[in-house]
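Everything below concerns the one structure shown next.
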Amino acid sequence: MRKVAGGLRSRLARRKLASEPEAAEGGEAKRTVVDRELKLCSELEFLCAEFGKSVQHTMRLLVRFWRALQKFGAEAFEPEEARIVEENFMALRKGLDSTSLSVFHTLMQTKGFANKARKSLRELEPKLVARDRAWVQKEHYSNKVAEIRLKLSEQNLAGRPILEEQLRKLQMNEAKQSEAQDAYEVAKVETWAFGKTRKDLVAILILSLDTITRDWFICA
């Protein structure tokens, strides 16, 4: 009997040890995830805004350079040279004109998406903290009830009577466990949007990089 009780106690101890890192994850790691993703939102907004400026700057540079070429004068070139310069410049201008507006629009739109995601994360952060605290409470009472039940089981196996006060203590903690479980379920429902916001943020990141890489550097 002692071996059985010892085995139960050992399993309970392992359960507590296993839950402690998870509690830390639920508390600190989740808030860290929110912090990291808030940082990513800010960096995405900065990337889109600054790269958008670079697109505009490139177009202004191109216009300025064309004006400089015109002032330089066609007579400065041999006819064949003038033809090559103009053809290459016009091809460059055509390529940039066809992509710059689309790229700039997409980047500004993506910047808006990142800003929206950041606001959503800000609103979710206190709810995530509340959910994590509810999880800790739920685990606390689950472990407490398990400990009391184990103690009463050992007591019963040893032939010692179970006191009415001990049963009241078990019932009180079972009630608290049930309340903590209900509170956690409610808190969990209130944070369902976190997963969606995170997926949206990853999609925004991919869109930004795809726009810069494929639509600007390759197409342009």
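Chain labels run A, B, ... following the order of the structure tokens; each chain numbers its residues from 1, and ligands are numbered from 1 in the order shown.
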Within 12 Å of Ser98 in chain A, counting only C-alpha atoms, which residues show up once you throw out same-chain ones fewer than 5 positions away? Write them as a JSON list (two decimals) with C-alpha atoms, in the first residue's frame, please.
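Generated output (out-v7.json):
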```
[["chain", "number", "residue", "atom", "x", "y", "z"],
["A", 59, "MET", "CA", 11.26, 58.14, -59.34],
["A", 91, "ALA", "CA", 12.95, 51.20, -70.99],
["A", 92, "LEU", "CA", 14.03, 51.93, -67.40],
["A", 93, "ARG", "CA", 11.42, 54.65, -67.02],
["A", 103, "VAL", "CA", 4.44, 48.84, -55.06],
["A", 104, "PHE", "CA", 3.93, 52.11, -53.21],
["A", 215, "ASP", "CA", 7.28, 43.45, -57.52],
["A", 216, "TRP", "CA", 10.08, 45.97, -57.05],
["A", 219, "CYS", "CA", 9.89, 43.43, -62.01],
["A", 220, "ALA", "CA", 11.41, 46.88, -61.82]]
```
List every residue of range 143-217 of chain A that has an atom at most 12 Å from any atom of range 106-114 of chain A, giving for each one its closest atom pair and the distance in Å to one decimal, counting only C-alpha atoms, sorted by chain and then by ascending residue number, as a Markdown table.
```
| residue | atom | partner | partner_atom | distance |
| --- | --- | --- | --- | --- |
| A:Thr197 | CA | A:Ala114 | CA | 10.1 |
| A:Arg198 | CA | A:Ala114 | CA | 10.8 |
| A:Lys199 | CA | A:Ala114 | CA | 11.9 |
| A:Asp200 | CA | A:Phe113 | CA | 8.6 |
| A:Leu201 | CA | A:Ala114 | CA | 6.9 |
| A:Val202 | CA | A:Ala114 | CA | 10.0 |
| A:Ala203 | CA | A:Thr110 | CA | 9.9 |
| A:Ile204 | CA | A:Thr110 | CA | 6.4 |
| A:Leu205 | CA | A:Thr110 | CA | 8.5 |
| A:Ile206 | CA | A:Thr110 | CA | 10.2 |
| A:Leu207 | CA | A:Thr110 | CA | 7.5 |
| A:Ser208 | CA | A:Leu107 | CA | 6.6 |
| A:Leu209 | CA | A:Leu107 | CA | 9.7 |
| A:Asp210 | CA | A:Thr106 | CA | 10.4 |
| A:Thr211 | CA | A:Thr106 | CA | 7.3 |
| A:Ile212 | CA | A:Leu107 | CA | 8.4 |
| A:Asp215 | CA | A:Thr106 | CA | 9.9 |
| A:Trp216 | CA | A:Leu107 | CA | 10.9 |
```
Save the residues we just selected, N, CA and C atoms, as a JSON list (two decimals), in the first residue's frame?
```json
[["chain", "number", "residue", "atom", "x", "y", "z"],
["A", 197, "THR", "N", -4.89, 37.16, -35.07],
["A", 197, "THR", "CA", -4.05, 38.35, -35.25],
["A", 197, "THR", "C", -2.62, 37.94, -35.59],
["A", 198, "ARG", "N", -2.15, 36.90, -34.94],
["A", 198, "ARG", "CA", -0.78, 36.42, -35.21],
["A", 198, "ARG", "C", -0.66, 35.91, -36.65],
["A", 199, "LYS", "N", -1.67, 35.15, -37.11],
["A", 199, "LYS", "CA", -1.65, 34.66, -38.49],
["A", 199, "LYS", "C", -1.71, 35.83, -39.48],
["A", 200, "ASP", "N", -2.53, 36.82, -39.15],
["A", 200, "ASP", "CA", -2.63, 38.00, -40.01],
["A", 200, "ASP", "C", -1.28, 38.71, -40.11],
["A", 201, "LEU", "N", -0.59, 38.78, -38.98],
["A", 201, "LEU", "CA", 0.71, 39.47, -38.95],
["A", 201, "LEU", "C", 1.74, 38.74, -39.81],
["A", 202, "VAL", "N", 1.73, 37.42, -39.76],
["A", 202, "VAL", "CA", 2.64, 36.63, -40.60],
["A", 202, "VAL", "C", 2.32, 36.86, -42.08],
["A", 203, "ALA", "N", 1.01, 36.91, -42.41],
["A", 203, "ALA", "CA", 0.60, 37.16, -43.79],
["A", 203, "ALA", "C", 1.05, 38.55, -44.25],
["A", 204, "ILE", "N", 0.97, 39.53, -43.35],
["A", 204, "ILE", "CA", 1.41, 40.89, -43.66],
["A", 204, "ILE", "C", 2.91, 40.92, -43.93],
["A", 205, "LEU", "N", 3.66, 40.20, -43.11],
["A", 205, "LEU", "CA", 5.11, 40.13, -43.28],
["A", 205, "LEU", "C", 5.46, 39.54, -44.65],
["A", 206, "ILE", "N", 4.80, 38.44, -45.01],
["A", 206, "ILE", "CA", 5.06, 37.79, -46.30],
["A", 206, "ILE", "C", 4.69, 38.72, -47.46],
["A", 207, "LEU", "N", 3.57, 39.41, -47.33],
["A", 207, "LEU", "CA", 3.13, 40.34, -48.38],
["A", 207, "LEU", "C", 4.16, 41.46, -48.58],
["A", 208, "SER", "N", 4.67, 41.99, -47.47],
["A", 208, "SER", "CA", 5.66, 43.07, -47.55],
["A", 208, "SER", "C", 6.92, 42.62, -48.27],
["A", 209, "LEU", "N", 7.45, 41.48, -47.85],
["A", 209, "LEU", "CA", 8.69, 40.97, -48.45],
["A", 209, "LEU", "C", 8.47, 40.59, -49.91],
["A", 210, "ASP", "N", 7.33, 40.00, -50.22],
["A", 210, "ASP", "CA", 7.02, 39.61, -51.60],
["A", 210, "ASP", "C", 6.91, 40.85, -52.50],
["A", 211, "THR", "N", 6.27, 41.89, -51.97],
["A", 211, "THR", "CA", 6.12, 43.12, -52.75],
["A", 211, "THR", "C", 7.47, 43.75, -53.06],
["A", 212, "ILE", "N", 8.33, 43.82, -52.04],
["A", 212, "ILE", "CA", 9.65, 44.43, -52.22],
["A", 212, "ILE", "C", 10.53, 43.59, -53.14],
["A", 215, "ASP", "N", 7.90, 42.36, -56.76],
["A", 215, "ASP", "CA", 7.28, 43.45, -57.52],
["A", 215, "ASP", "C", 8.22, 44.62, -57.76],
["A", 216, "TRP", "N", 9.19, 44.82, -56.88],
["A", 216, "TRP", "CA", 10.08, 45.97, -57.05],
["A", 216, "TRP", "C", 11.43, 45.58, -57.65]]
```
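Using only C-alpha atoms, the shortest contact distance between Leu96 in chain A and any of A:Arg60, A:Lys144, A:Arg133, A:Arg67 is found at A:Arg60.
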For each of A:Ile148, A:Leu44, A:Val186, A:Ala193, take the minimum atom-to-atom distance to Ser120 in chain A, counting only C-alpha atoms, then give the residue where this is smallest.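 Comparing A:Ile148, A:Leu44, A:Val186, A:Ala193 against Ser120 in chain A, the winner is A:Ala193.
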Of the residues A:Leu61, A:Ala187, A:Cys41, A:Ala68, which is the one nearest to Leu128 in chain A, using only C-alpha atoms?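 For Leu128 in chain A, the nearest of the given residues is A:Ala187.
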Go through A:Leu124, A:Glu78, A:Trp135, A:His57 one by one, measure the shortest atom-to-atom distance of each to Lys196 in chain A using only C-alpha atoms, and give the residue with the smallest value.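 Using only C-alpha atoms, the shortest distance to Lys196 in chain A belongs to A:Leu124.
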Which residues are close to Gln177 in chain A, i.e. within 7 Å by only C-alpha atoms, leaving aside same-chain residues fewer than 5 positions away? Reply as a list in words. Lys138, Tyr141 and Ser142 of chain A
Would you pick out the contacts of Thr58 in chain A at 10 Å or less, using only C-alpha atoms, so that residues sharing its chain but fewer than 6 positions from it are not included, and give the list as number ranges by chain? A: 52, 64, 96, 100
Could you save the residues just selected, with N, CA, C and O atoms, as a CSV table (one decimal), in the first residue's frame?
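Resulting contents of result.csv:
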```csv
chain,number,residue,atom,x,y,z
A,52,GLY,N,8.6,52.9,-49.0
A,52,GLY,CA,7.8,53.7,-49.8
A,52,GLY,C,8.4,55.0,-50.2
A,52,GLY,O,8.3,55.4,-51.4
A,64,ARG,N,14.8,63.7,-62.5
A,64,ARG,CA,15.9,64.7,-62.4
A,64,ARG,C,17.0,64.4,-63.4
A,64,ARG,O,17.6,65.3,-64.1
A,96,LEU,N,9.9,51.2,-64.4
A,96,LEU,CA,9.6,51.8,-63.0
A,96,LEU,C,8.2,52.3,-62.9
A,96,LEU,O,7.6,52.2,-61.9
A,100,SER,N,6.1,51.1,-59.8
A,100,SER,CA,6.3,52.0,-58.7
A,100,SER,C,5.0,52.3,-58.0
A,100,SER,O,4.9,52.3,-56.7
```
Between CA of Val136 in chain A and CA of Thr191 in chain A, distance in Å (one decimal):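 Atom-to-atom, CA of Val136 in chain A and CA of Thr191 in chain A are spaced 16.0 Å apart.
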By how many Å are CA of Asn143 in chain A and CA of Phe194 in chain A apart?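 Result for CA of Asn143 in chain A versus CA of Phe194 in chain A: 28.0 Å, one decimal.
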